[in-house]
Every structure is written in structure tokens, then in C-alpha cells.
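Read through the structure below, which is laid out as C-alpha cells, and then see the notes.
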Amino acid sequence: MERKLAGVFFGIVIVVAVAFFGVVTPSFADDYIQEDGISYCANETEKTATVSHCDASVSGAVSISKTVSFNGESYPVVGIEERAFDGCASLESVMIPESVTFIESNAFSGCGNLKDILISEQTTLGTDVFSDIDASLHVWRYEIAESAATSADGKTHLKIVSVQDKNGATVSNFSDIPDGVITNGYVVDKDGSGGDPSAVYYNVWVAGVQVSNLNADDVLGDSDEGATVTYDENSATLTLNNVNLAVSDSRFAIYAEQDLTIALIGDNSVTLDGSVEISGLTWQTSIAGSYVVPEPAAPIACKGGSLTVRNGSDNRGSLTVKNDVGISYMNDSGSFMNCGIVATGTVDIRDAKVKANSSYVHADNGATECSYGIFAGQGIVFDGADVTAMGDAATWSAGVYSLTGDVRLNGSTKASGGRAVNLQNPYSAFSSGIYANEGSVCITGGNVETVAASLTEDGAAYGIFGYHGISITGGTVHTIGATSNMDGVEPIFGAGIYSSAGDVVISGTSTQVEADSGFASEDIAGIYAHAGNVLITDASVKASAQRLYDADDGTSVGIYAGTLQIARSNSETGNIVLKGANVQTVGLTDSVQFFGSLTVIPAEGMWYSVDALEGARLGYPNPLWDDMATAAMGIQNSPFKTETSLDGNLVSGNQYLHFYNVADESVVDPEDPDDPTISEVLDKSKDSNDPNTSTDAKIPVLGESSLALPLILVACFALAVGVVALIRKREC
């Protein structure tokens with residue numbers, strides 16, 4: 001009974017206490033200051049502050065304050081307490097000011113998305129500061145040079161000393177400072193100079209030297225007599241004058257985070273070699289349309305802008321860009337690439353001679369590897385230029401590659417891909433000379449030569465690939481898939497010209513196109529419109545598919561026009577239309593395949609002849625075009641006087657077809673009105689009872705063997721004899 005009374009007594013005490021004092025809840029003391037979700041603890045004795053806590057909702061890029069205000073006084077922030085940022089999973093980057101001298105253990109534990117953090121070289125770190133964080137974290141250690149007071153641009157300039165991983169090991173140099181980290185009045189000088197109070201810096205770097213108003217007249221100094229690199233801030237133009245720039249162990253040699261124009265005077269070269277590790281995804285946040293730009297290493301790179309390369313003098317300037325850097329990728333996902341030239345915007349090369357190549361790319365961790373001579377996020381233009389671009393071995397390889405936007409060419413272009421292989425997913429690999437991933441390829445003049453890799457393992461090999469179509473309206477084009485093969489090492493599919501969801505249009509009396517499939521194991525085509533039409537007007541075209549590795553199982557078509565759901569809405573596809581064009585096509589399965597119609601249209605004042613040959617006459621590297629043209633015979637009703645849709649049965653089963661114009665001789669010869677026209681000869685041949693006479697018979701021409709002339713001579717001789725005999729009779 002006493003125990004029960006005691007329990008009741010203590011219960012009453014608790015109720016009274018709660019009623020009197022209220023529910024006890026934790027709260028920050030008066031010496032805590034909060035700024036932007038970060039709590040600072042003020043030490044009134046030492047007149048300093050430390051970071052004690054960060055709200056879990058804080059995300060993205062964060063800058064820790066250099067000082068905080070407490071009771072009307074300014075307290076320097078000197079440290080970060082244990083587990084202050086524990087569990088801030090949305091934190092991506094942190095700028096820690098030089099006032100912070102210590103960071104306690106596990107301060108950033110569990111910040112799973114933290115990629116970059118800037119810490120003074122003088123700051124000491126406790127144990128496991130970055131525990132439970134991905135290995136891709138970059139710890140940028142910096143110092144402030146003596147001259148780096150607040151400069152003319154209003155920012156404190158930092159000098160990067162080293163770049164480390166979360167365990168303190170050096171992983172890279174300072175050639176790629178990440179976006180979103182340099183905030184709160186700080187900026188990093190990538191040349192390591194520490195800055196100058198009078199300097200105004202531009203977002204352009206050459207060999208690790210940041211371009212500023214102080215060095216714009218000679219960015220690299222007089223290191224090479226007669227060679228200069230200058231910069232004009234008004235036009236954002238970097239001029240290379242007979243420069244031989246070689247950079248080792250770096251991701252970039254010339255790097256910009258803005259639109260940039262490079263003007264060329266004389267002969268110039270930019271080379272990247274050595275090795276570099278990439279463990280963060282700094283470029284893959286750069287979006288071109290709805291696509292992600294892969295993580296690159298390139299001698300010339302433009303992030304967040306477009307690149308223009310042009311002639312800078314009376315004589316055409318030249319530029320050779322060579323990428324020989326070896327890359328180690330530490331990420332388990334994402335896509336990476338080696339390039340000669342790369343820009344997230346457009347690449348525009350005008351009236352200049354440029355040669356760009358990339359190097360081999362390989363990763364064992366499941367990442368996608370890319371190797372491109374020239375890469376653009378949003379389109380490529382070559383105008384009056386002489387461009388050579390080469391990719392190297394990778395999962396995806398191309399000489400010229402546009403992620404979004406069109407590839408537009410007018411000039412001399414040579415483009416080749418490298419060996420493509422993906423052993424885990426063979427169908428995903430590709431090699432291509434020119435590749436428009438989400439756009440069209442438009443050629444308006446000049447000379448274009450493209451080829452996929454000479455040896456490609458699995459995947460696809462394209463000479464020219466345009467997702468939304470391919471247009472050739474001038475110039476000379478020679479394109480081919482894989483040029484060689486060996487047992488077990490060849491692409492699965494090959495095409496000279498390939499369009500996924502658009503038309504292949506070739507036009508112009510001076511336009512000449514040769515499209516060859518190259519080698520492949522399953523399917524090949526010279527010209528392939530996957531879900532579109534093939535339209536050829538007035539041009540001269542040769543399309544061949546003769547190098548099928550396994551002819552028993554695969555298909556080989558010279559010209560293909562298909563129709564699928566990916567085609568443009570409300571459009572008719574799968575048609576081949578030939579108007580006044582000289583077209584020769586070879587395919588081991590069929591010379592042409594179409595799912596719509598095949599229409600031939602004579603040129604004005606001409607007829608259109610269609611000759612066929614059941615068995616192709618093949619040669620290496622090209623078919624025996626002249627032999628086949630000579631041996632082929634006209635199909636039924638050929639030549640055609642007017643626009644005609646051909647029955648598929650007339651052309652199917654023939655490995656060679658020749659479409660060409662012949663003279664329209666239906667008009668009576670004014671010098672001999674009694675001479676029968678060719679039309680009349682054809683009409684008479686159709687009415688002939690001779691079973692050996694057919695409309696596809698060749699029309700006799702002068703020089704062919706005939707009994708007509710001997711018979712005429714005999715008749716004339718007989719007439720002469722008769723006349724002589726009559727005269728003699730009268731004389732008698």
C-alpha cells in the first residue's frame with residue numbers, strides 16, 4: 001500500500017513539473033549562428049567560431065563563411081567539428097575558406113554525392129573525414145599567394161597545389177577545376193600564379209596558363225622564337241601563330257569555358273600525351289538538348305560554348321591536333337571519350353586546314369568508351385575547309401561526331417572511325433567516318449571521303465550515318481564501311497550511307513557518289529534508308545554491297561528503302577525514286593529492295609533505260625562496273641518514255657541494275673523525213689510475229705553485222721546489168 005502511494009506521489013510530481021515547466025525540447029544556445037542552413041558555434045573566450053551542424057536539406061554547391069557576426073563582433077571561422085555535415089546526401093561541392101585550420105574526424109561522413117571540396121593546404125584533417133563517400137571525390141588543396149589580395153575583378157585568387165582523393169593520394173593535376181565550387185568571392189588561377197591584383201582573367205587556358213589582360217599579347221611568353229599565342233577579349237579569339245604546343249599528363253592543352261574562336265597563322269600543332277586519371281563526372285552535367293556530353297580528354301576543348309576555327313592570314317593557316325594521352329577511368333558508370341577537338345556547343349571550321357585525331361580508349365568497369373577525331377554537342381560545319389578527322393579503337397568511334405544538330409560539309413573532308421568492340425553487348429558498338437547522332441548530314445560541295453574502321457569487331461560500320469537523313473547536293477562523295485575482315489573479326493552490319501529515320505537525297509548533274517557497304521557478317525548495303533526514301537535526281541551514283549562474309553545467312557542489297565514506326569509521322573516511306581540519274585547498283589541478294597515503290601523518271605527530252613544482270617561481276621575493291629554495264633540487257637518495256645512505277649518482279653532477283661538516260665530520237669530527222677524513227681522501230685518490234693523478237697532487244701546501230709547492205713548491192717548490180725542489156729537490144 002505504501003509503494004502504491006509512493007508511485008502516485010511521484011506521478012503527481014511529474015505531471016506538475018510538466019505543467020509548470022512545459023515539455024523539454026532541445027534547442028540551440030544563444031552562441032549558435034545559422035546561415036544558409038549551416039550552424040556556427042561561437043567561442044566567446046577565443047573570439048572564434050566553428051561549423052557545428054549542416055541541415056540535411058542543404059544541396060548543391062556550398063561555401064562556408066570566412067567570418068560570422070556574433071554580438072556585434074566578427075568571429076573568424078577556424079574549424080569544422082566532428083560529423084558536422086554527417087548525412088548531407090545532397091551536397092555536391094564545398095568551398096572551405098583559408099581561415100579554417102582544422103577539420104575533425106568524420107566531418108563529411110555519409111555525404112554520398114560530394115564530388116569536389118576545396119581546402120587550404122594549411123588545414124589539418126582528422127581521421128575518416130570523408131568516410132562513406134564515393135571514390136570519385138576530388139579534394140582540391142590550395143594556397144593564397146602573397147600578391148593575391150582582393151584583385152581588380154573583386155575576387156581572391158587561389159593557387160591549386162594538388163588534387164587528392166579522399167584518402168589524400170594525388171590523383172590529377174589542376175587542369176579541370178569544377179564548376180559551382182569557386183564561389184563566395186574566390187576564383188582559382190589554373191596557371192598556379194596566385195593571381196595579380198590588377199589582373200582580369202578570362203575563361204580560357206593555354207597549357208595550364210589562364211589568359212588574362214596581363215598576358216593576352218603573348219600568353220606563353222617567348223619560349224619559341226617566332227611563335228606566339230595571343231588573345232583578343234572583344235572577339236574572344238585566340239590566335240595561334242606558328243605554334244608547336246605540346247602538353248603532357250593533362251586532360252586539355254587549350255581549354256575554354258565559353259565560346260572561343262581560334263585563328264590560324266602559318267602551320268600550328270597542339271599535342272596531348274602522357275597519362276591522366278579521371279575519377280569525377282564534371283562534363284556529364286553539360287547537356288546538349290536532352291543528351292549528356294561524355295567526359296573527355298582532348299588537346300582542344302570548349303565546355304559550355306561553341307568553337308570556331310578559321311584562317312587568320314592571307315595564306316591558309318593549318319592546325320594539326322594530336323591526342324596520344326592515356327586515360328585511366330575510375331568511375332563505374334558514365335561515358336568517357338578521347339577526342340582531338342571537342343565542344344559542348346557547335347564546331348565550325350572555315351577556310352582552314354585542320355587535322356585532328358583521337359587515341360585509344362578502353363575501360364574494364366562497364367563504362368562506355370568513345371573515340372572521336374572531332375566531337376560537337378550541337379552540330380558541325382565545315383565551310384571551305386580542308387579537314388581530316390580520325391577516331392581510334394573504342395566502343396563508339398568516329399572521325400566526325402555530332403551529338404545533336406546537323407553535320408554540314410562544303411569542302412574537302414576525310415573522316416575515318418577506329419575499331420569498335422563491345423564484348424558484353426556486341427550490337428551496341430559502332431565505327432563511322434561521319435556520324436550525326438540526332439541530326440542530318442548535308443553535303444553541298446567539295447570532296448568527301450569517309451570510312452569506318454579497316455577492322456571492326458561486331459557492332460556496325462557506317463561510312464556516313466545520319467539519323468534524320470542524308471542530303472548530297474554537290475561535290476564528290478566516296479564512302480565505305482569496314483574495308484577488311486578476318487575470320488571472326490568483322491562488323492555485324494555495314495553500310496556506305498545509312499539513314500535511320502529520314503530520306504537519302506542525292507541530286508545535281510555534277511554530283512558523284514560511290515557508296516560501298518564494306519565487309520560485314522550478317523547484313524550489308526551500299527545505301528540504306530531504314531525508315532525513309534531514296535531520292536536520286538540527275539546525279540551519278542554507284543551503290544554496292546558485295547563483301548558479305550557469310551553469304552549463305554546474310555542479306556546484301558545495293559540500295560534499300562524501308563518503312564518502320566520510327567519514320568516521320570504521316571509520311572510515306574520505303575520508296576526509291578530515280579529521276580534522270582545515272583545509277584548503278586550491286587547486291588548479292590538483290591540490287592534494290594523497297595517497301596513502297598520504285599519509280600523512274602526520264603530527264604527532259606530523254607528516255608530512261610533500265611538494264612539488268614542476274615549475276616554480278618565482282619572485283620576487289622570495286623565491282624567491275626564497265627563489264628556489267630556492257631553485259632546487262634534492258635528489262636521489259638525499257639527504255640521508258642514517261643514516269644513509270646516499276647513492278648518489283650521486273651527488278652528482283654538481279655544482282656546488278658543500271659539506270660541511265662538515253663537520247664529521245666522520237667522526233668523525225670529534218671534532213672531525212674522518210675527515215676523511220678526509233679519509236680516506229682520499237683512499235684514494229686512489238687507487233688512482230690517473230691518469237692525471238694522482244695521489247696528488251698538491243699536497237700541495231702551502225703557498225704553491227706547485217707545482210708541489208710549486201711542485198712542492196714546485189715540489187716543494184718542486177719539493175720545495172722538489165723539496163724545495159726536493154727541498151728544493147730535497142731542498138732540492135
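Here, A, B, ... name the chains of the C-alpha cells in the order displayed, residue numbers run from 1 inside each chain, and ligands are numbered from 1 in the same displayed order.
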Exercise for the section: Can you pull out every residue within 6 Å of Ile80 of chain A, counting only C-alpha atoms, but drop anything in the same chain fewer than 2 positions away, and send it as a ChimeraX atom specification? Expected result: /A:50-51,103
Writer output for current selection, N, CA and C atoms, as a PDB file, in the first residue's frame:
```
ATOM      1  N   THR A  50      33.248  27.863 -35.079  1.00  0.00           N
ATOM      2  CA  THR A  50      33.428  26.593 -35.784  1.00  0.00           C
ATOM      3  C   THR A  50      32.094  26.163 -36.394  1.00  0.00           C
ATOM      4  N   VAL A  51      32.172  25.359 -37.446  1.00  0.00           N
ATOM      5  CA  VAL A  51      30.967  24.800 -38.056  1.00  0.00           C
ATOM      6  C   VAL A  51      30.554  23.595 -37.228  1.00  0.00           C
ATOM      7  N   ILE A 103      39.834  20.315 -39.534  1.00  0.00           N
ATOM      8  CA  ILE A 103      38.575  19.624 -39.812  1.00  0.00           C
ATOM      9  C   ILE A 103      38.605  18.328 -39.028  1.00  0.00           C
TER      10      ILE A 103
END
```
Exercise for the section: Tell me which protein, DNA and RNA residues are within 7 Å of Ala256 of chain A, counting only C-alpha atoms, leaving out same-chain ones fewer than 3 positions away, and put them as a VMD selection string. Expected result: chain A and resid 203 to 205 260 301 to 303
Same residues, C-alpha atoms, output as a compact mmCIF listing (two decimals), in the first residue's frame:
```
# COMPACT_ATOMS: atom_id res chain seq x y z
CA ASN A 203 37.75 31.64 -69.08
CA VAL A 204 40.46 30.42 -71.45
CA TRP A 205 43.57 28.38 -70.59
CA LEU A 260 36.02 30.54 -78.46
CA ALA A 301 38.24 21.53 -75.56
CA CYS A 302 35.42 24.03 -75.19
CA LYS A 303 33.00 23.42 -72.31
```
Exercise for the section: Give me, please, the distance in Å between atom CA of Thr444 of chain A and atom CA of Asn410 of chain A, quoted to one decimal. Expected result: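 Straight-line distance from atom CA of Thr444 of chain A to atom CA of Asn410 of chain A works out to 5.4 Å.
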Exercise for the section: Compile the contact shell of Lys579 of chain A as a count of residues only: residues with an atom at most 7 Å away, counting only C-alpha atoms, same-chain residues fewer than 4 positions apart removed. Expected result: 7
Exercise for the section: Compile the contact shell of Gly391 of chain A as a PyMOL selection string: residues with an atom at most 10 Å away, counting only C-alpha atoms, same-chain residues fewer than 2 positions apart removed. Expected result: chain A and resi 338-340+356-360+370-374+389+393-394+396-401+415-420+431-433+452-453
Save the residues we just selected, N, CA and C atoms, as a tab-separated table (two decimals), in the first residue's frame?
```tsv
chain	number	residue	atom	x	y	z
A	338	ASN	N	38.04	10.09	-75.71
A	338	ASN	CA	39.24	10.77	-76.18
A	338	ASN	C	38.88	11.46	-77.49
A	339	CYS	N	39.29	12.71	-77.64
A	339	CYS	CA	38.99	13.48	-78.85
A	339	CYS	C	40.21	14.27	-79.27
A	340	GLY	N	40.19	14.69	-80.54
A	340	GLY	CA	41.15	15.69	-80.97
A	340	GLY	C	40.63	17.07	-80.63
A	356	ALA	N	42.74	16.35	-87.13
A	356	ALA	CA	42.51	16.03	-85.71
A	356	ALA	C	42.34	14.54	-85.53
A	357	ASN	N	43.05	13.97	-84.56
A	357	ASN	CA	42.89	12.55	-84.28
A	357	ASN	C	42.77	12.32	-82.78
A	358	SER	N	42.10	11.23	-82.42
A	358	SER	CA	41.98	10.84	-81.02
A	358	SER	C	42.78	9.57	-80.78
A	359	SER	N	42.85	9.15	-79.53
A	359	SER	CA	43.61	7.95	-79.19
A	359	SER	C	42.70	6.87	-78.65
A	360	TYR	N	43.29	5.74	-78.42
A	360	TYR	CA	42.61	4.52	-77.96
A	360	TYR	C	41.94	4.75	-76.60
A	370	CYS	N	34.42	6.21	-75.88
A	370	CYS	CA	34.22	6.86	-77.17
A	370	CYS	C	35.54	7.44	-77.65
A	371	SER	N	35.77	7.38	-78.95
A	371	SER	CA	36.96	7.97	-79.53
A	371	SER	C	36.56	8.70	-80.81
A	372	TYR	N	36.69	10.04	-80.80
A	372	TYR	CA	36.26	10.85	-81.94
A	372	TYR	C	37.37	11.82	-82.34
A	373	GLY	N	37.58	11.96	-83.65
A	373	GLY	CA	38.51	12.98	-84.10
A	373	GLY	C	38.00	14.37	-83.75
A	374	ILE	N	36.73	14.64	-84.11
A	374	ILE	CA	36.08	15.91	-83.80
A	374	ILE	C	34.70	15.61	-83.23
A	389	ALA	N	39.82	13.97	-90.06
A	389	ALA	CA	39.46	13.62	-88.68
A	389	ALA	C	39.44	12.11	-88.53
A	393	ALA	N	40.32	3.11	-81.60
A	393	ALA	CA	39.57	1.98	-81.06
A	393	ALA	C	38.80	2.37	-79.81
A	394	ALA	N	37.51	1.96	-79.76
A	394	ALA	CA	36.64	2.28	-78.63
A	394	ALA	C	35.34	1.51	-78.81
A	396	TRP	N	32.44	3.21	-79.17
A	396	TRP	CA	31.90	4.05	-80.23
A	396	TRP	C	33.05	4.85	-80.80
A	397	SER	N	33.20	4.83	-82.12
A	397	SER	CA	34.32	5.54	-82.73
A	397	SER	C	33.87	6.22	-84.01
A	398	ALA	N	34.36	7.44	-84.24
A	398	ALA	CA	34.02	8.17	-85.46
A	398	ALA	C	35.07	9.23	-85.72
A	399	GLY	N	35.25	9.55	-87.01
A	399	GLY	CA	36.11	10.68	-87.33
A	399	GLY	C	35.45	11.99	-86.97
A	400	VAL	N	34.17	12.14	-87.38
A	400	VAL	CA	33.39	13.35	-87.11
A	400	VAL	C	32.09	12.93	-86.44
A	401	TYR	N	31.77	13.49	-85.26
A	401	TYR	CA	30.60	13.07	-84.50
A	401	TYR	C	29.87	14.29	-83.96
A	415	ALA	N	37.28	11.50	-93.28
A	415	ALA	CA	36.89	11.11	-91.93
A	415	ALA	C	36.88	9.60	-91.80
A	416	SER	N	37.47	9.08	-90.73
A	416	SER	CA	37.51	7.64	-90.53
A	416	SER	C	37.33	7.31	-89.06
A	417	GLY	N	36.63	6.22	-88.81
A	417	GLY	CA	36.48	5.72	-87.45
A	417	GLY	C	37.58	4.73	-87.12
A	418	GLY	N	37.55	4.22	-85.88
A	418	GLY	CA	38.51	3.22	-85.46
A	418	GLY	C	37.81	1.90	-85.16
A	419	ARG	N	38.55	0.95	-84.74
A	419	ARG	CA	37.98	-0.36	-84.43
A	419	ARG	C	36.98	-0.23	-83.28
A	420	ALA	N	35.80	-0.80	-83.47
A	420	ALA	CA	34.74	-0.71	-82.47
A	420	ALA	C	34.46	-2.10	-81.91
A	431	SER	N	31.44	1.92	-85.58
A	431	SER	CA	32.51	2.74	-86.13
A	431	SER	C	31.97	3.46	-87.35
A	432	SER	N	32.31	4.74	-87.49
A	432	SER	CA	31.75	5.52	-88.59
A	432	SER	C	32.72	6.62	-88.99
A	433	GLY	N	32.73	6.94	-90.29
A	433	GLY	CA	33.51	8.10	-90.73
A	433	GLY	C	32.86	9.38	-90.25
A	452	ALA	N	34.61	3.60	-92.23
A	452	ALA	CA	34.65	3.08	-90.86
A	452	ALA	C	36.01	2.41	-90.66
A	453	ALA	N	36.20	1.73	-89.56
A	453	ALA	CA	37.49	1.12	-89.29
A	453	ALA	C	37.84	0.08	-90.34
```
Exercise for the section: Calculate how many Å separate atom CA of Phe594 of chain A from atom CA of Leu578 of chain A, rounding to one decimal. Expected result: 12.9 Å
Problem - Selection: 6 Å around Pro299 of chain A, only C-alpha atoms, excl. self and same-chain fewer than 5 positions, as a ChimeraX atom specification - result: /A:252-253,272,340
Give me the segment 519-604 of chain A side of the contact with segment 467-478 of chain A, cut-off 12 Å, one line per residue showing its nearest atom pair and distance in Å at one decimal, counting only C-alpha atoms, sorted by chain and residue number, as JSON lines.
```
{"residue": "A:Gly526", "atom": "CA", "partner": "A:His478", "partner_atom": "CA", "distance": 11.1}
{"residue": "A:Ile527", "atom": "CA", "partner": "A:Ile470", "partner_atom": "CA", "distance": 10.4}
{"residue": "A:Tyr528", "atom": "CA", "partner": "A:Ile470", "partner_atom": "CA", "distance": 10.4}
{"residue": "A:Ala529", "atom": "CA", "partner": "A:Gly469", "partner_atom": "CA", "distance": 8.1}
{"residue": "A:His530", "atom": "CA", "partner": "A:Tyr467", "partner_atom": "CA", "distance": 9.5}
{"residue": "A:Ala531", "atom": "CA", "partner": "A:Gly469", "partner_atom": "CA", "distance": 9.6}
{"residue": "A:Gly532", "atom": "CA", "partner": "A:Gly469", "partner_atom": "CA", "distance": 8.0}
{"residue": "A:Asn533", "atom": "CA", "partner": "A:Gly469", "partner_atom": "CA", "distance": 9.4}
{"residue": "A:Val534", "atom": "CA", "partner": "A:Ile470", "partner_atom": "CA", "distance": 9.6}
{"residue": "A:Leu535", "atom": "CA", "partner": "A:Ser471", "partner_atom": "CA", "distance": 9.6}
{"residue": "A:Ile536", "atom": "CA", "partner": "A:Ile472", "partner_atom": "CA", "distance": 9.5}
{"residue": "A:Thr537", "atom": "CA", "partner": "A:Thr473", "partner_atom": "CA", "distance": 9.5}
{"residue": "A:Asp538", "atom": "CA", "partner": "A:Thr473", "partner_atom": "CA", "distance": 10.2}
{"residue": "A:Ala539", "atom": "CA", "partner": "A:Thr473", "partner_atom": "CA", "distance": 8.6}
{"residue": "A:Ser540", "atom": "CA", "partner": "A:Thr476", "partner_atom": "CA", "distance": 9.7}
{"residue": "A:Val541", "atom": "CA", "partner": "A:Val477", "partner_atom": "CA", "distance": 9.5}
{"residue": "A:Lys542", "atom": "CA", "partner": "A:His478", "partner_atom": "CA", "distance": 9.5}
{"residue": "A:Ala543", "atom": "CA", "partner": "A:His478", "partner_atom": "CA", "distance": 10.2}
{"residue": "A:Ser544", "atom": "CA", "partner": "A:His478", "partner_atom": "CA", "distance": 11.7}
{"residue": "A:Ile566", "atom": "CA", "partner": "A:His468", "partner_atom": "CA", "distance": 10.3}
{"residue": "A:Ala567", "atom": "CA", "partner": "A:His468", "partner_atom": "CA", "distance": 9.1}
{"residue": "A:Arg568", "atom": "CA", "partner": "A:His468", "partner_atom": "CA", "distance": 9.1}
```
Could those selected residues go to a file with C-alpha atoms, as an mmCIF file, in the first residue's frame?
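Output saved as result-v6.cif:
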```cif
data_model
loop_
_atom_site.group_PDB
_atom_site.id
_atom_site.type_symbol
_atom_site.label_atom_id
_atom_site.label_comp_id
_atom_site.auth_asym_id
_atom_site.auth_seq_id
_atom_site.Cartn_x
_atom_site.Cartn_y
_atom_site.Cartn_z
ATOM 1 C CA GLY A 526 25.513 0.417 -100.218
ATOM 2 C CA ILE A 527 22.742 2.937 -99.479
ATOM 3 C CA TYR A 528 20.301 2.168 -96.656
ATOM 4 C CA ALA A 529 17.245 4.249 -95.694
ATOM 5 C CA HIS A 530 15.990 2.359 -92.649
ATOM 6 C CA ALA A 531 12.702 4.250 -92.494
ATOM 7 C CA GLY A 532 12.755 6.666 -95.392
ATOM 8 C CA ASN A 533 13.025 7.129 -99.136
ATOM 9 C CA VAL A 534 15.962 7.104 -101.519
ATOM 10 C CA LEU A 535 15.616 10.011 -103.984
ATOM 11 C CA ILE A 536 18.262 10.449 -106.689
ATOM 12 C CA THR A 537 17.980 13.226 -109.296
ATOM 13 C CA ASP A 538 20.419 13.898 -112.182
ATOM 14 C CA ALA A 539 23.412 12.651 -110.145
ATOM 15 C CA SER A 540 25.835 9.825 -110.870
ATOM 16 C CA VAL A 541 25.644 7.119 -108.187
ATOM 17 C CA LYS A 542 27.268 3.739 -107.647
ATOM 18 C CA ALA A 543 25.968 1.682 -104.705
ATOM 19 C CA SER A 544 27.500 -1.696 -103.949
ATOM 20 C CA ILE A 566 10.370 5.444 -86.244
ATOM 21 C CA ALA A 567 9.747 7.199 -89.546
ATOM 22 C CA ARG A 568 8.307 10.696 -89.668
#
```
Handout entry: strand (DSSP E) residues, from DSSP on the backbone, in segment 523-669 of chain A, as JSON, numbers by chain
Key = {"A": [523, 524, 525, 526, 527, 528, 529, 534, 535, 536, 537, 540, 541, 542, 543, 544, 545, 555, 556, 557, 558, 559, 560, 561, 576, 577, 578, 579, 582, 583, 584, 585, 586, 587, 590, 591, 592, 593, 594, 598, 599, 600, 601, 606, 607, 608, 609, 610, 611, 612, 613, 633, 634, 644, 645, 646, 656, 657, 658, 659, 660, 661, 662, 663]}
Practice task
Go through A:Val200, A:Lys414, A:Ser235, A:Val583 and flag the residue nearest Thr511 of chain A, using only C-alpha atoms for the distances.
Solution key: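 Among the listed residues, the smallest separation from Thr511 of chain A belongs to A:Val583.
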Problem - Within 12 Å of Asn315 of chain A using only C-alpha atoms, minus same-chain residues under 3 positions, as an NGL selection string - result: :A and (264-267 or 310-312 or 318 or 351-353)
Would you mind exporting the chosen residues as a tab-separated table (two decimals), in the first residue's frame, restricted to N, CA and C atoms?
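The resulting file, result_31.tsv, is shown below:
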```tsv
chain	number	residue	atom	x	y	z
A	264	LEU	N	44.20	30.89	-87.22
A	264	LEU	CA	45.44	30.20	-87.55
A	264	LEU	C	46.30	31.03	-88.49
A	265	ILE	N	47.54	31.25	-88.10
A	265	ILE	CA	48.54	31.88	-88.96
A	265	ILE	C	49.70	30.92	-89.09
A	266	GLY	N	50.04	30.54	-90.32
A	266	GLY	CA	51.12	29.58	-90.52
A	266	GLY	C	50.71	28.17	-90.14
A	267	ASP	N	51.69	27.33	-89.86
A	267	ASP	CA	51.46	25.93	-89.51
A	267	ASP	C	51.55	25.77	-87.99
A	310	ARG	N	39.31	29.16	-87.78
A	310	ARG	CA	39.31	29.85	-89.07
A	310	ARG	C	40.71	30.25	-89.46
A	311	ASN	N	40.84	30.61	-90.73
A	311	ASN	CA	42.09	31.13	-91.24
A	311	ASN	C	42.33	32.52	-90.66
A	312	GLY	N	43.59	32.81	-90.32
A	312	GLY	CA	43.89	34.10	-89.72
A	312	GLY	C	44.82	34.95	-90.53
A	318	SER	N	47.10	26.37	-90.97
A	318	SER	CA	46.85	24.95	-90.72
A	318	SER	C	46.99	24.64	-89.24
A	351	ASP	N	37.57	27.80	-93.96
A	351	ASP	CA	38.70	28.27	-94.76
A	351	ASP	C	40.03	28.02	-94.06
A	352	ALA	N	40.17	26.85	-93.46
A	352	ALA	CA	41.41	26.49	-92.78
A	352	ALA	C	41.68	25.01	-92.99
A	353	LYS	N	42.92	24.61	-92.81
A	353	LYS	CA	43.30	23.21	-92.93
A	353	LYS	C	43.51	22.65	-91.52
```
Completion exercise
Using only C-alpha atoms, the shortest atom-to-atom distance to Val381 of chain A among A:Ser440, A:Asn215, A:Ser162, A:Thr48 belongs to A:Ser440
Handout entry: Selected residue of minimal separation from Leu618 of chain A among A:Val557, A:Ala343, A:Ala545, A:Val229, counting only C-alpha atoms
Key =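 Going through A:Val557, A:Ala343, A:Ala545, A:Val229 one by one, the smallest distance to Leu618 of chain A is for A:Ala545.
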Could you list, as an mmCIF file with N, CA and C atoms, in the first residue's frame, every residue within 7 Å of segment 285-298 of chain A, counting only C-alpha atoms and ignoring same-chain residues fewer than 5 positions away?
```
data_model
loop_
_atom_site.group_PDB
_atom_site.id
_atom_site.type_symbol
_atom_site.label_atom_id
_atom_site.label_comp_id
_atom_site.auth_asym_id
_atom_site.auth_seq_id
_atom_site.Cartn_x
_atom_site.Cartn_y
_atom_site.Cartn_z
ATOM 1 N N ARG A 251 44.491 16.707 -69.116
ATOM 2 C CA ARG A 251 43.306 16.388 -69.920
ATOM 3 C C ARG A 251 43.163 17.309 -71.115
ATOM 4 N N PHE A 252 43.690 18.541 -71.022
ATOM 5 C CA PHE A 252 43.500 19.519 -72.080
ATOM 6 C C PHE A 252 44.771 20.320 -72.305
ATOM 7 N N ASN A 323 46.082 13.611 -80.255
ATOM 8 C CA ASN A 323 45.801 13.148 -78.893
ATOM 9 C C ASN A 323 46.447 11.786 -78.686
ATOM 10 N N SER A 335 30.001 7.760 -69.417
ATOM 11 C CA SER A 335 30.654 7.567 -70.700
ATOM 12 C C SER A 335 31.836 8.526 -70.796
ATOM 13 N N PHE A 336 32.896 8.063 -71.448
ATOM 14 C CA PHE A 336 34.148 8.800 -71.496
ATOM 15 C C PHE A 336 34.658 8.814 -72.931
ATOM 16 N N MET A 337 35.449 9.830 -73.271
ATOM 17 C CA MET A 337 35.926 9.895 -74.646
ATOM 18 C C MET A 337 37.274 10.581 -74.754
ATOM 19 N N ASN A 338 38.044 10.092 -75.714
ATOM 20 C CA ASN A 338 39.236 10.774 -76.184
ATOM 21 C C ASN A 338 38.882 11.460 -77.490
ATOM 22 N N CYS A 339 39.290 12.714 -77.639
ATOM 23 C CA CYS A 339 38.986 13.476 -78.847
ATOM 24 C C CYS A 339 40.209 14.267 -79.274
ATOM 25 N N GLY A 340 40.191 14.691 -80.539
ATOM 26 C CA GLY A 340 41.145 15.687 -80.967
ATOM 27 C C GLY A 340 40.627 17.075 -80.631
ATOM 28 N N ILE A 341 39.366 17.333 -81.028
ATOM 29 C CA ILE A 341 38.692 18.606 -80.759
ATOM 30 C C ILE A 341 37.319 18.294 -80.197
ATOM 31 N N VAL A 342 36.908 18.985 -79.120
ATOM 32 C CA VAL A 342 35.605 18.749 -78.517
ATOM 33 C C VAL A 342 34.998 20.078 -78.080
ATOM 34 N N THR A 344 30.998 21.458 -76.351
ATOM 35 C CA THR A 344 29.627 21.125 -75.984
ATOM 36 C C THR A 344 28.621 21.842 -76.876
ATOM 37 N N GLY A 377 28.658 18.941 -79.457
ATOM 38 C CA GLY A 377 27.401 18.645 -78.795
ATOM 39 C C GLY A 377 26.195 19.055 -79.606
ATOM 40 N N GLN A 378 26.352 20.112 -80.445
ATOM 41 C CA GLN A 378 25.173 20.698 -81.083
ATOM 42 C C GLN A 378 25.357 21.020 -82.559
ATOM 43 N N THR A 404 23.991 16.260 -81.122
ATOM 44 C CA THR A 404 22.720 16.793 -81.628
ATOM 45 C C THR A 404 23.054 17.791 -82.716
#
```
Handout entry: Distance of atom CA of Phe85 of chain A from atom CA of Ser39 of chain A, expressed in Å to one decimal place
Key =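 For atom CA of Ser39 of chain A relative to atom CA of Phe85 of chain A, the distance reads 10.2 Å.
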